[in-house]
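As provided, run.pdb (PDB, C-alpha atoms and all ligand atoms) reads as follows.
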```pdb
ATOM      1  CA  MET A  23      86.960  90.767  84.896  1.00  0.00           C
ATOM      2  CA  ASP A  24      87.844  92.336  88.269  1.00  0.00           C
ATOM      3  CA  PHE A  25      86.783  89.843  90.943  1.00  0.00           C
ATOM      4  CA  TYR A  26      84.742  86.741  91.750  1.00  0.00           C
ATOM      5  CA  LEU A  27      81.456  86.607  93.645  1.00  0.00           C
ATOM      6  CA  ALA A  28      81.212  83.442  95.740  1.00  0.00           C
ATOM      7  CA  SER A  29      77.427  83.226  95.908  1.00  0.00           C
ATOM      8  CA  THR A  30      74.441  81.375  94.533  1.00  0.00           C
ATOM      9  CA  SER A  31      72.094  84.212  95.500  1.00  0.00           C
ATOM     10  CA  PRO A  32      70.469  85.843  92.456  1.00  0.00           C
ATOM     11  CA  ARG A  33      69.775  88.900  94.655  1.00  0.00           C
ATOM     12  CA  ARG A  34      73.475  89.433  95.351  1.00  0.00           C
ATOM     13  CA  GLN A  35      74.354  89.094  91.660  1.00  0.00           C
ATOM     14  CA  GLU A  36      71.650  91.572  90.709  1.00  0.00           C
ATOM     15  CA  LEU A  37      72.725  94.138  93.319  1.00  0.00           C
ATOM     16  CA  LEU A  38      76.406  93.841  92.410  1.00  0.00           C
ATOM     17  CA  ARG A  39      75.619  94.613  88.772  1.00  0.00           C
ATOM     18  CA  TYR A  40      74.717  98.156  89.895  1.00  0.00           C
ATOM     19  CA  LEU A  41      78.401  98.791  90.705  1.00  0.00           C
ATOM     20  CA  ASP A  42      81.055  99.625  88.114  1.00  0.00           C
ATOM     21  CA  TYR A  43      82.991  96.377  88.362  1.00  0.00           C
ATOM     22  CA  GLN A  44      82.983  93.191  86.313  1.00  0.00           C
ATOM     23  CA  PHE A  45      82.691  89.887  88.121  1.00  0.00           C
ATOM     24  CA  ALA A  46      82.214  86.181  87.559  1.00  0.00           C
ATOM     25  CA  VAL A  47      80.195  83.930  89.856  1.00  0.00           C
ATOM     26  CA  ILE A  48      81.717  80.930  91.636  1.00  0.00           C
ATOM     27  CA  ASP A  49      80.415  78.486  94.217  1.00  0.00           C
ATOM     28  CA  GLY A  50      80.656  79.651  97.831  1.00  0.00           C
ATOM     29  CA  GLN A  51      78.876  76.792  99.572  1.00  0.00           C
ATOM     30  CA  ILE A  52      80.034  76.180 103.135  1.00  0.00           C
ATOM     31  CA  ASP A  53      78.776  74.532 106.318  1.00  0.00           C
ATOM     32  CA  GLU A  54      76.507  77.196 107.851  1.00  0.00           C
ATOM     33  CA  THR A  55      76.177  75.669 111.337  1.00  0.00           C
ATOM     34  CA  ALA A  56      76.486  78.197 114.162  1.00  0.00           C
ATOM     35  CA  GLU A  57      78.891  77.442 116.996  1.00  0.00           C
ATOM     36  CA  VAL A  58      77.524  76.998 120.519  1.00  0.00           C
ATOM     37  CA  GLY A  59      77.215  80.413 122.168  1.00  0.00           C
ATOM     38  CA  GLU A  60      78.212  82.279 119.016  1.00  0.00           C
ATOM     39  CA  SER A  61      76.618  85.730 118.689  1.00  0.00           C
ATOM     40  CA  ALA A  62      74.693  86.636 115.538  1.00  0.00           C
ATOM     41  CA  CYS A  63      77.269  89.352 114.707  1.00  0.00           C
ATOM     42  CA  ASP A  64      80.200  86.929 115.032  1.00  0.00           C
ATOM     43  CA  TYR A  65      78.314  84.236 113.130  1.00  0.00           C
ATOM     44  CA  VAL A  66      77.371  86.334 110.098  1.00  0.00           C
ATOM     45  CA  GLN A  67      80.913  87.687 109.731  1.00  0.00           C
ATOM     46  CA  ARG A  68      82.416  84.219 110.062  1.00  0.00           C
ATOM     47  CA  MET A  69      80.059  82.967 107.340  1.00  0.00           C
ATOM     48  CA  ALA A  70      80.849  85.819 104.930  1.00  0.00           C
ATOM     49  CA  LYS A  71      84.600  85.318 105.420  1.00  0.00           C
ATOM     50  CA  ALA A  72      84.301  81.548 105.017  1.00  0.00           C
ATOM     51  CA  LYS A  73      82.380  81.913 101.740  1.00  0.00           C
ATOM     52  CA  ALA A  74      84.977  84.313 100.325  1.00  0.00           C
ATOM     53  CA  GLN A  75      87.889  82.250 101.662  1.00  0.00           C
ATOM     54  CA  ARG A  76      86.505  78.983 100.378  1.00  0.00           C
ATOM     55  CA  GLY A  77      85.996  80.473  96.943  1.00  0.00           C
ATOM     56  CA  TYR A  78      89.509  81.891  96.928  1.00  0.00           C
ATOM     57  CA  THR A  79      91.415  78.823  98.070  1.00  0.00           C
ATOM     58  CA  HIS A  80      89.202  76.278  96.348  1.00  0.00           C
ATOM     59  CA  ALA A  81      89.488  77.837  92.935  1.00  0.00           C
ATOM     60  CA  ALA A  82      93.133  78.977  93.367  1.00  0.00           C
ATOM     61  CA  LEU A  83      92.166  82.292  91.867  1.00  0.00           C
ATOM     62  CA  ALA A  84      94.246  85.193  90.696  1.00  0.00           C
ATOM     63  CA  LYS A  85      91.504  87.745  91.463  1.00  0.00           C
ATOM     64  CA  PRO A  86      89.897  88.710  94.802  1.00  0.00           C
ATOM     65  CA  VAL A  87      86.737  86.953  95.954  1.00  0.00           C
ATOM     66  CA  LEU A  88      83.698  88.562  97.589  1.00  0.00           C
ATOM     67  CA  GLY A  89      81.336  86.594  99.837  1.00  0.00           C
ATOM     68  CA  ALA A  90      78.345  87.690 101.919  1.00  0.00           C
ATOM     69  CA  ASP A  91      75.900  86.377 104.480  1.00  0.00           C
ATOM     70  CA  THR A  92      72.542  87.616 105.776  1.00  0.00           C
ATOM     71  CA  THR A  93      71.084  86.553 109.123  1.00  0.00           C
ATOM     72  CA  ILE A  94      68.206  87.736 111.299  1.00  0.00           C
ATOM     73  CA  SER A  95      68.838  88.509 114.945  1.00  0.00           C
ATOM     74  CA  VAL A  96      66.006  88.627 117.469  1.00  0.00           C
ATOM     75  CA  ASP A  97      65.879  87.800 121.203  1.00  0.00           C
ATOM     76  CA  GLY A  98      69.575  86.905 121.028  1.00  0.00           C
ATOM     77  CA  GLN A  99      68.809  84.176 118.470  1.00  0.00           C
ATOM     78  CA  ILE A 100      70.324  83.593 115.051  1.00  0.00           C
ATOM     79  CA  ILE A 101      67.561  83.040 112.506  1.00  0.00           C
ATOM     80  CA  GLY A 102      68.378  81.787 109.039  1.00  0.00           C
ATOM     81  CA  LYS A 103      66.246  80.299 106.284  1.00  0.00           C
ATOM     82  CA  PRO A 104      63.130  78.299 107.236  1.00  0.00           C
ATOM     83  CA  LEU A 105      63.370  74.523 106.944  1.00  0.00           C
ATOM     84  CA  ASN A 106      59.645  74.043 106.223  1.00  0.00           C
ATOM     85  CA  LEU A 107      56.218  75.605 106.836  1.00  0.00           C
ATOM     86  CA  ALA A 108      56.301  74.835 110.568  1.00  0.00           C
ATOM     87  CA  ASP A 109      59.664  76.582 110.861  1.00  0.00           C
ATOM     88  CA  SER A 110      58.418  79.544 108.827  1.00  0.00           C
ATOM     89  CA  GLN A 111      55.437  79.822 111.197  1.00  0.00           C
ATOM     90  CA  LEU A 112      57.720  79.823 114.234  1.00  0.00           C
ATOM     91  CA  ILE A 113      59.946  82.486 112.686  1.00  0.00           C
ATOM     92  CA  LEU A 114      57.240  84.834 111.421  1.00  0.00           C
ATOM     93  CA  ARG A 115      55.212  84.566 114.651  1.00  0.00           C
ATOM     94  CA  GLN A 116      58.375  85.638 116.457  1.00  0.00           C
ATOM     95  CA  LEU A 117      58.928  88.590 114.101  1.00  0.00           C
ATOM     96  CA  SER A 118      55.248  89.623 113.909  1.00  0.00           C
ATOM     97  CA  GLY A 119      54.415  93.047 115.351  1.00  0.00           C
ATOM     98  CA  ARG A 120      57.924  93.990 116.401  1.00  0.00           C
ATOM     99  CA  THR A 121      61.389  95.093 115.307  1.00  0.00           C
ATOM    100  CA  HIS A 122      64.264  92.727 114.502  1.00  0.00           C
ATOM    101  CA  GLN A 123      67.772  93.205 113.162  1.00  0.00           C
ATOM    102  CA  VAL A 124      68.914  92.056 109.746  1.00  0.00           C
ATOM    103  CA  LEU A 125      72.675  91.505 109.797  1.00  0.00           C
ATOM    104  CA  THR A 126      74.580  91.323 106.538  1.00  0.00           C
ATOM    105  CA  ALA A 127      78.329  90.839 106.397  1.00  0.00           C
ATOM    106  CA  VAL A 128      80.413  91.258 103.254  1.00  0.00           C
ATOM    107  CA  ALA A 129      83.937  89.868 103.077  1.00  0.00           C
ATOM    108  CA  MET A 130      86.644  90.202 100.489  1.00  0.00           C
ATOM    109  CA  VAL A 131      89.748  88.056 100.237  1.00  0.00           C
ATOM    110  CA  ASN A 132      92.913  88.135  98.152  1.00  0.00           C
ATOM    111  CA  ALA A 133      96.387  86.702  98.617  1.00  0.00           C
ATOM    112  CA  TYR A 134      97.316  89.371 101.180  1.00  0.00           C
ATOM    113  CA  GLN A 135      94.240  90.196 103.222  1.00  0.00           C
ATOM    114  CA  CYS A 136      90.692  89.428 104.290  1.00  0.00           C
ATOM    115  CA  GLN A 137      88.450  92.410 105.083  1.00  0.00           C
ATOM    116  CA  CYS A 138      84.908  92.154 106.390  1.00  0.00           C
ATOM    117  CA  VAL A 139      82.188  94.769 106.974  1.00  0.00           C
ATOM    118  CA  LEU A 140      79.038  94.231 109.018  1.00  0.00           C
ATOM    119  CA  VAL A 141      75.814  96.157 108.421  1.00  0.00           C
ATOM    120  CA  SER A 142      72.905  95.987 110.869  1.00  0.00           C
ATOM    121  CA  THR A 143      69.446  97.212 109.854  1.00  0.00           C
ATOM    122  CA  ASP A 144      66.374  97.488 112.086  1.00  0.00           C
ATOM    123  CA  VAL A 145      63.270  96.139 110.380  1.00  0.00           C
ATOM    124  CA  GLN A 146      59.825  96.663 111.876  1.00  0.00           C
ATOM    125  CA  MET A 147      56.969  94.315 110.977  1.00  0.00           C
ATOM    126  CA  ARG A 148      53.255  94.735 111.423  1.00  0.00           C
ATOM    127  CA  MET A 149      51.257  91.951 113.068  1.00  0.00           C
ATOM    128  CA  ILE A 150      50.925  88.960 110.729  1.00  0.00           C
ATOM    129  CA  SER A 151      48.124  86.420 111.175  1.00  0.00           C
ATOM    130  CA  ASP A 152      48.649  82.647 110.999  1.00  0.00           C
ATOM    131  CA  ASP A 153      46.509  82.540 107.852  1.00  0.00           C
ATOM    132  CA  GLU A 154      48.733  85.119 106.201  1.00  0.00           C
ATOM    133  CA  ILE A 155      51.841  83.148 107.164  1.00  0.00           C
ATOM    134  CA  ILE A 156      50.444  80.001 105.510  1.00  0.00           C
ATOM    135  CA  ARG A 157      49.322  81.858 102.380  1.00  0.00           C
ATOM    136  CA  TYR A 158      52.715  83.562 102.177  1.00  0.00           C
ATOM    137  CA  TRP A 159      54.533  80.220 102.468  1.00  0.00           C
ATOM    138  CA  GLU A 160      52.448  78.865  99.593  1.00  0.00           C
ATOM    139  CA  THR A 161      53.786  81.598  97.278  1.00  0.00           C
ATOM    140  CA  GLY A 162      57.221  79.948  97.542  1.00  0.00           C
ATOM    141  CA  GLU A 163      58.915  83.260  98.370  1.00  0.00           C
ATOM    142  CA  PRO A 164      59.997  82.702 101.991  1.00  0.00           C
ATOM    143  CA  CYS A 165      61.792  79.357 101.628  1.00  0.00           C
ATOM    144  CA  ASP A 166      65.237  80.638 100.591  1.00  0.00           C
ATOM    145  CA  LYS A 167      65.204  83.898 102.569  1.00  0.00           C
ATOM    146  CA  ALA A 168      66.729  84.533 105.993  1.00  0.00           C
ATOM    147  CA  GLY A 169      63.886  85.303 108.407  1.00  0.00           C
ATOM    148  CA  SER A 170      61.408  83.654 106.026  1.00  0.00           C
ATOM    149  CA  TYR A 171      60.483  86.859 104.175  1.00  0.00           C
ATOM    150  CA  ALA A 172      61.668  89.021 101.302  1.00  0.00           C
ATOM    151  CA  ILE A 173      61.371  92.771 101.774  1.00  0.00           C
ATOM    152  CA  GLN A 174      61.787  93.191  98.008  1.00  0.00           C
ATOM    153  CA  GLY A 175      58.812  90.955  97.209  1.00  0.00           C
ATOM    154  CA  ILE A 176      55.430  90.023  98.626  1.00  0.00           C
ATOM    155  CA  GLY A 177      56.990  90.166 102.100  1.00  0.00           C
ATOM    156  CA  GLY A 178      57.313  93.930 101.667  1.00  0.00           C
ATOM    157  CA  LYS A 179      53.661  94.235 102.671  1.00  0.00           C
ATOM    158  CA  PHE A 180      54.550  93.154 106.213  1.00  0.00           C
ATOM    159  CA  ILE A 181      57.235  95.804 106.689  1.00  0.00           C
ATOM    160  CA  THR A 182      56.183  99.036 108.381  1.00  0.00           C
ATOM    161  CA  ALA A 183      59.624 100.667 108.674  1.00  0.00           C
ATOM    162  CA  ILE A 184      63.324 100.084 108.247  1.00  0.00           C
ATOM    163  CA  HIS A 185      66.262 101.947 109.735  1.00  0.00           C
ATOM    164  CA  GLY A 186      69.505 101.177 107.966  1.00  0.00           C
ATOM    165  CA  SER A 187      70.393  99.773 104.563  1.00  0.00           C
ATOM    166  CA  TYR A 188      67.676  98.422 102.256  1.00  0.00           C
ATOM    167  CA  SER A 189      70.201  96.719  99.958  1.00  0.00           C
ATOM    168  CA  ALA A 190      71.769  95.008 103.003  1.00  0.00           C
ATOM    169  CA  VAL A 191      68.375  93.507 103.908  1.00  0.00           C
ATOM    170  CA  VAL A 192      68.057  92.177 100.341  1.00  0.00           C
ATOM    171  CA  GLY A 193      71.500  90.574 100.738  1.00  0.00           C
ATOM    172  CA  LEU A 194      74.279  93.014  99.847  1.00  0.00           C
ATOM    173  CA  PRO A 195      74.861  96.553 101.212  1.00  0.00           C
ATOM    174  CA  LEU A 196      75.783  98.580  98.135  1.00  0.00           C
ATOM    175  CA  VAL A 197      77.634 101.461  99.835  1.00  0.00           C
ATOM    176  CA  GLU A 198      79.840  99.203 101.960  1.00  0.00           C
ATOM    177  CA  SER A 199      80.406  96.702  99.149  1.00  0.00           C
ATOM    178  CA  GLU A 200      81.547  99.423  96.764  1.00  0.00           C
ATOM    179  CA  ARG A 201      83.922 100.744  99.430  1.00  0.00           C
ATOM    180  CA  LEU A 202      85.393  97.267  99.872  1.00  0.00           C
ATOM    181  CA  LEU A 203      85.755  96.806  96.121  1.00  0.00           C
ATOM    182  CA  ASN A 204      87.455 100.199  95.784  1.00  0.00           C
ATOM    183  CA  LEU A 205      89.885  99.199  98.531  1.00  0.00           C
ATOM    184  CA  PHE A 206      90.844  95.947  96.826  1.00  0.00           C
ATOM    185  CA  LEU A 207      90.654  97.001  93.208  1.00  0.00           C
ATOM    186  CA  SER A 208      91.774 100.624  93.042  1.00  0.00           C
ATOM    187  CA  VAL A 209      95.091 100.971  91.205  1.00  0.00           C
TER     188      VAL A 209
HETATM  189  C1  LIG A 301      65.652  89.373 105.067  1.00  0.00           C
HETATM  190  C2  LIG A 301      65.835  89.059 103.611  1.00  0.00           C
HETATM  191  C3  LIG A 301      66.746  88.102 103.175  1.00  0.00           C
HETATM  192  N1  LIG A 301      66.897  87.821 101.843  1.00  0.00           N
HETATM  193  C4  LIG A 301      67.844  86.806 101.380  1.00  0.00           C
HETATM  194  C5  LIG A 301      69.271  87.322 101.142  1.00  0.00           C
HETATM  195  C6  LIG A 301      70.071  86.038 101.083  1.00  0.00           C
HETATM  196  O1  LIG A 301      70.103  85.577  99.725  1.00  0.00           O
HETATM  197  C7  LIG A 301      69.252  85.063 101.940  1.00  0.00           C
HETATM  198  C8  LIG A 301      69.999  84.652 103.170  1.00  0.00           C
HETATM  199  O2  LIG A 301      70.808  83.546 102.900  1.00  0.00           O
HETATM  200  P1  LIG A 301      72.389  83.574 102.809  1.00  0.00           P
HETATM  201  O3  LIG A 301      72.880  82.299 103.417  1.00  0.00           O
HETATM  202  O4  LIG A 301      72.948  84.867 103.324  1.00  0.00           O
HETATM  203  O5  LIG A 301      72.684  83.565 101.234  1.00  0.00           O
HETATM  204  P2  LIG A 301      72.249  82.555 100.110  1.00  0.00           P
HETATM  205  O6  LIG A 301      72.274  81.135 100.605  1.00  0.00           O
HETATM  206  O7  LIG A 301      70.958  83.047  99.497  1.00  0.00           O
HETATM  207  O8  LIG A 301      73.373  82.764  99.029  1.00  0.00           O
HETATM  208  P3  LIG A 301      74.974  82.486  99.148  1.00  0.00           P
HETATM  209  O9  LIG A 301      75.271  81.940 100.511  1.00  0.00           O
HETATM  210  O10 LIG A 301      75.277  81.498  98.062  1.00  0.00           O
HETATM  211  O11 LIG A 301      75.604  83.839  98.892  1.00  0.00           O
HETATM  212  O12 LIG A 301      68.033  85.751 102.302  1.00  0.00           O
HETATM  213  C9  LIG A 301      66.140  88.508 100.892  1.00  0.00           C
HETATM  214  O13 LIG A 301      66.284  88.255  99.682  1.00  0.00           O
HETATM  215  N2  LIG A 301      65.257  89.469 101.305  1.00  0.00           N
HETATM  216  C10 LIG A 301      65.046  89.777 102.615  1.00  0.00           C
HETATM  217  O14 LIG A 301      64.205  90.672 102.932  1.00  0.00           O
END
```

Encoding of this model in structure tokens:
Amino acid sequence: MDFYLASTSPRRQELLRYLDYQFAVIDGQIDETAEVGESACDYVQRMAKAKAQRGYTHAALAKPVLGADTTISVDGQIIGKPLNLADSQLILRQLSGRTHQVLTAVAMVNAYQCQCVLVSTDVQMRMISDDEIIRYWETGEPCDKAGSYAIQGIGGKFITAIHGSYSAVVGLPLVESERLLNLFLSV
């Protein structure tokens, strides 16, 4: 076993399995409240570092810990997971027919260092009607996804274009994560 993944996200576990490293999953739960005036870029990096750091110190581990966070940025706002249908409606109406940024940060921590990479991807959505938003909510897919949609699922039908990293939108940028793992784990 090479490192720990501090994440409950099945997407992150699935993506990480594509890389040539062995890992075990630990809890990375933290308080995800944004600070007043905090930018989305600062916020997502702080979250990723906190998840990795919490995992590392909490479990007193001998191996490095990787943590990640995904947040939507639009109109200078930080948009996370929807709280309920009304919240999902507010979010998807805001994203409908325009381009937003999906920010994913990946952090790795060991006894000597904490390194974090930030990946920003532009995602363009077609117009989505209120009826579609309600029907989509009823599928159960949006509730645990930042921005209230999943590009890798039913939500993919709303996406007209992306510029950046697909795996980062799903929750873990593979190129940057592998680079970070090579940095920490190469002999
Ligand atoms: C935009 C988008 C987000 N997401 C997911 C990725 C993340 O799992 C989630 C954002 O929430 P996060 O707080 O980044 O992660 P998480 O709570 O799922 O897992 P953990 O903190 O334990 O690592 O949204 C998709 O699966 N598809 C998408 O298209």

At most 7 Å is the cut-off: for each residue in chain A with any atom that close to an atom of ligand LIG 301 (chain A), write down the nearest atom pair and the distance in Å rounded to one decimal, counting all atoms listed in the file, chain first then increasing number, as a Markdown table.
```
| residue | atom | partner | partner_atom | distance |
| --- | --- | --- | --- | --- |
| A:Ala28 | CA | A:LIG301 | O11 | 6.4 |
| A:Ser29 | CA | A:LIG301 | O10 | 3.5 |
| A:Thr30 | CA | A:LIG301 | O10 | 3.6 |
| A:Ser31 | CA | A:LIG301 | O8 | 4.0 |
| A:Arg33 | CA | A:LIG301 | O1 | 6.1 |
| A:Arg34 | CA | A:LIG301 | O1 | 6.7 |
| A:Gly50 | CA | A:LIG301 | O10 | 5.7 |
| A:Gln51 | CA | A:LIG301 | O10 | 6.1 |
| A:Gly89 | CA | A:LIG301 | O11 | 6.4 |
| A:Ala90 | CA | A:LIG301 | O11 | 5.6 |
| A:Asp91 | CA | A:LIG301 | O4 | 3.5 |
| A:Thr92 | CA | A:LIG301 | O4 | 3.7 |
| A:Thr93 | CA | A:LIG301 | O4 | 6.3 |
| A:Ile94 | CA | A:LIG301 | C1 | 6.9 |
| A:Gly102 | CA | A:LIG301 | C8 | 6.7 |
| A:Lys103 | CA | A:LIG301 | C8 | 6.5 |
| A:Val124 | CA | A:LIG301 | C1 | 6.3 |
| A:Asp166 | CA | A:LIG301 | O12 | 6.1 |
| A:Lys167 | CA | A:LIG301 | O12 | 3.4 |
| A:Ala168 | CA | A:LIG301 | O12 | 4.1 |
| A:Gly169 | CA | A:LIG301 | C1 | 5.6 |
| A:Tyr171 | CA | A:LIG301 | O14 | 5.5 |
| A:Ala172 | CA | A:LIG301 | O14 | 3.4 |
| A:Ile173 | CA | A:LIG301 | O14 | 3.7 |
| A:Gln174 | CA | A:LIG301 | O14 | 6.0 |
| A:Val191 | CA | A:LIG301 | C1 | 5.1 |
| A:Val192 | CA | A:LIG301 | N2 | 4.0 |
| A:Gly193 | CA | A:LIG301 | C5 | 4.0 |
```

| task | Name the closest residue to Gly77 (chain A) among the candidates A:Cys63, A:Leu107, A:Val131, A:Leu202; distances are taken between atoms, counting all atoms listed in the file. | result | A:Val131

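Using all atoms listed in the file, the nearest neighbour of His185 (chain A) within the list A:Gln123, A:Val139, A:Ser199, A:Tyr134 is A:Gln123.
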
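The closest residue to Glu160 (chain A), picked from A:Ile176, A:Gln116, A:Ser95, A:Gln135 and counting only C-alpha atoms, is A:Ile176.
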
| message | At a cut-off of 9 Å, using all atoms listed in the file, what residues contact Lys71 (chain A)? Leave out same-chain residues fewer than 5 positions from it and give the result as a PyMOL selection string. | response | chain A and resi 66+76+88-91+127-131+136-138

Just write the chosen residues, C-alpha atoms, as a CSV table (one decimal), in the coordinates of the input.
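Resulting contents of part11.csv:
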```csv
chain,number,residue,atom,x,y,z
A,66,VAL,CA,77.4,86.3,110.1
A,76,ARG,CA,86.5,79.0,100.4
A,88,LEU,CA,83.7,88.6,97.6
A,89,GLY,CA,81.3,86.6,99.8
A,90,ALA,CA,78.3,87.7,101.9
A,91,ASP,CA,75.9,86.4,104.5
A,127,ALA,CA,78.3,90.8,106.4
A,128,VAL,CA,80.4,91.3,103.3
A,129,ALA,CA,83.9,89.9,103.1
A,130,MET,CA,86.6,90.2,100.5
A,131,VAL,CA,89.7,88.1,100.2
A,136,CYS,CA,90.7,89.4,104.3
A,137,GLN,CA,88.4,92.4,105.1
A,138,CYS,CA,84.9,92.2,106.4
```

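With distances taken from (55.7, 85.3, 99.4) and restricted to only C-alpha atoms, the residues inside 10 Å are A:Glu154, A:Ile155, A:Ile156, A:Arg157, A:Tyr158, A:Trp159, A:Glu160, A:Thr161, A:Gly162, A:Glu163, A:Pro164, A:Cys165, A:Ser170, A:Tyr171, A:Ala172, A:Ile173, A:Gly175, A:Ile176, A:Gly177, A:Gly178, A:Lys179.
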
| Do you have the CA of Ile181 (chain A)-CA of Leu38 (chain A) distance handy? | 24.0 Å

Can you give me, as a PDB file with C-alpha atoms, in the frame of the given file, the residues this file yields under the PyMOL selection byres (((chain A and resi 205-207) around 9) and not hetatm)?
```pdb
ATOM      1  CA  ASP A  24      87.844  92.336  88.269  1.00  0.00           C
ATOM      2  CA  PHE A  25      86.783  89.843  90.943  1.00  0.00           C
ATOM      3  CA  PRO A  86      89.897  88.710  94.802  1.00  0.00           C
ATOM      4  CA  MET A 130      86.644  90.202 100.489  1.00  0.00           C
ATOM      5  CA  VAL A 131      89.748  88.056 100.237  1.00  0.00           C
ATOM      6  CA  ASN A 132      92.913  88.135  98.152  1.00  0.00           C
ATOM      7  CA  GLU A 200      81.547  99.423  96.764  1.00  0.00           C
ATOM      8  CA  ARG A 201      83.922 100.744  99.430  1.00  0.00           C
ATOM      9  CA  LEU A 202      85.393  97.267  99.872  1.00  0.00           C
ATOM     10  CA  LEU A 203      85.755  96.806  96.121  1.00  0.00           C
ATOM     11  CA  ASN A 204      87.455 100.199  95.784  1.00  0.00           C
ATOM     12  CA  SER A 208      91.774 100.624  93.042  1.00  0.00           C
ATOM     13  CA  VAL A 209      95.091 100.971  91.205  1.00  0.00           C
TER      14      VAL A 209
END
```

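Relative to CA of Ser142 (chain A), CA of Ile113 (chain A) is found at 18.8 Å.
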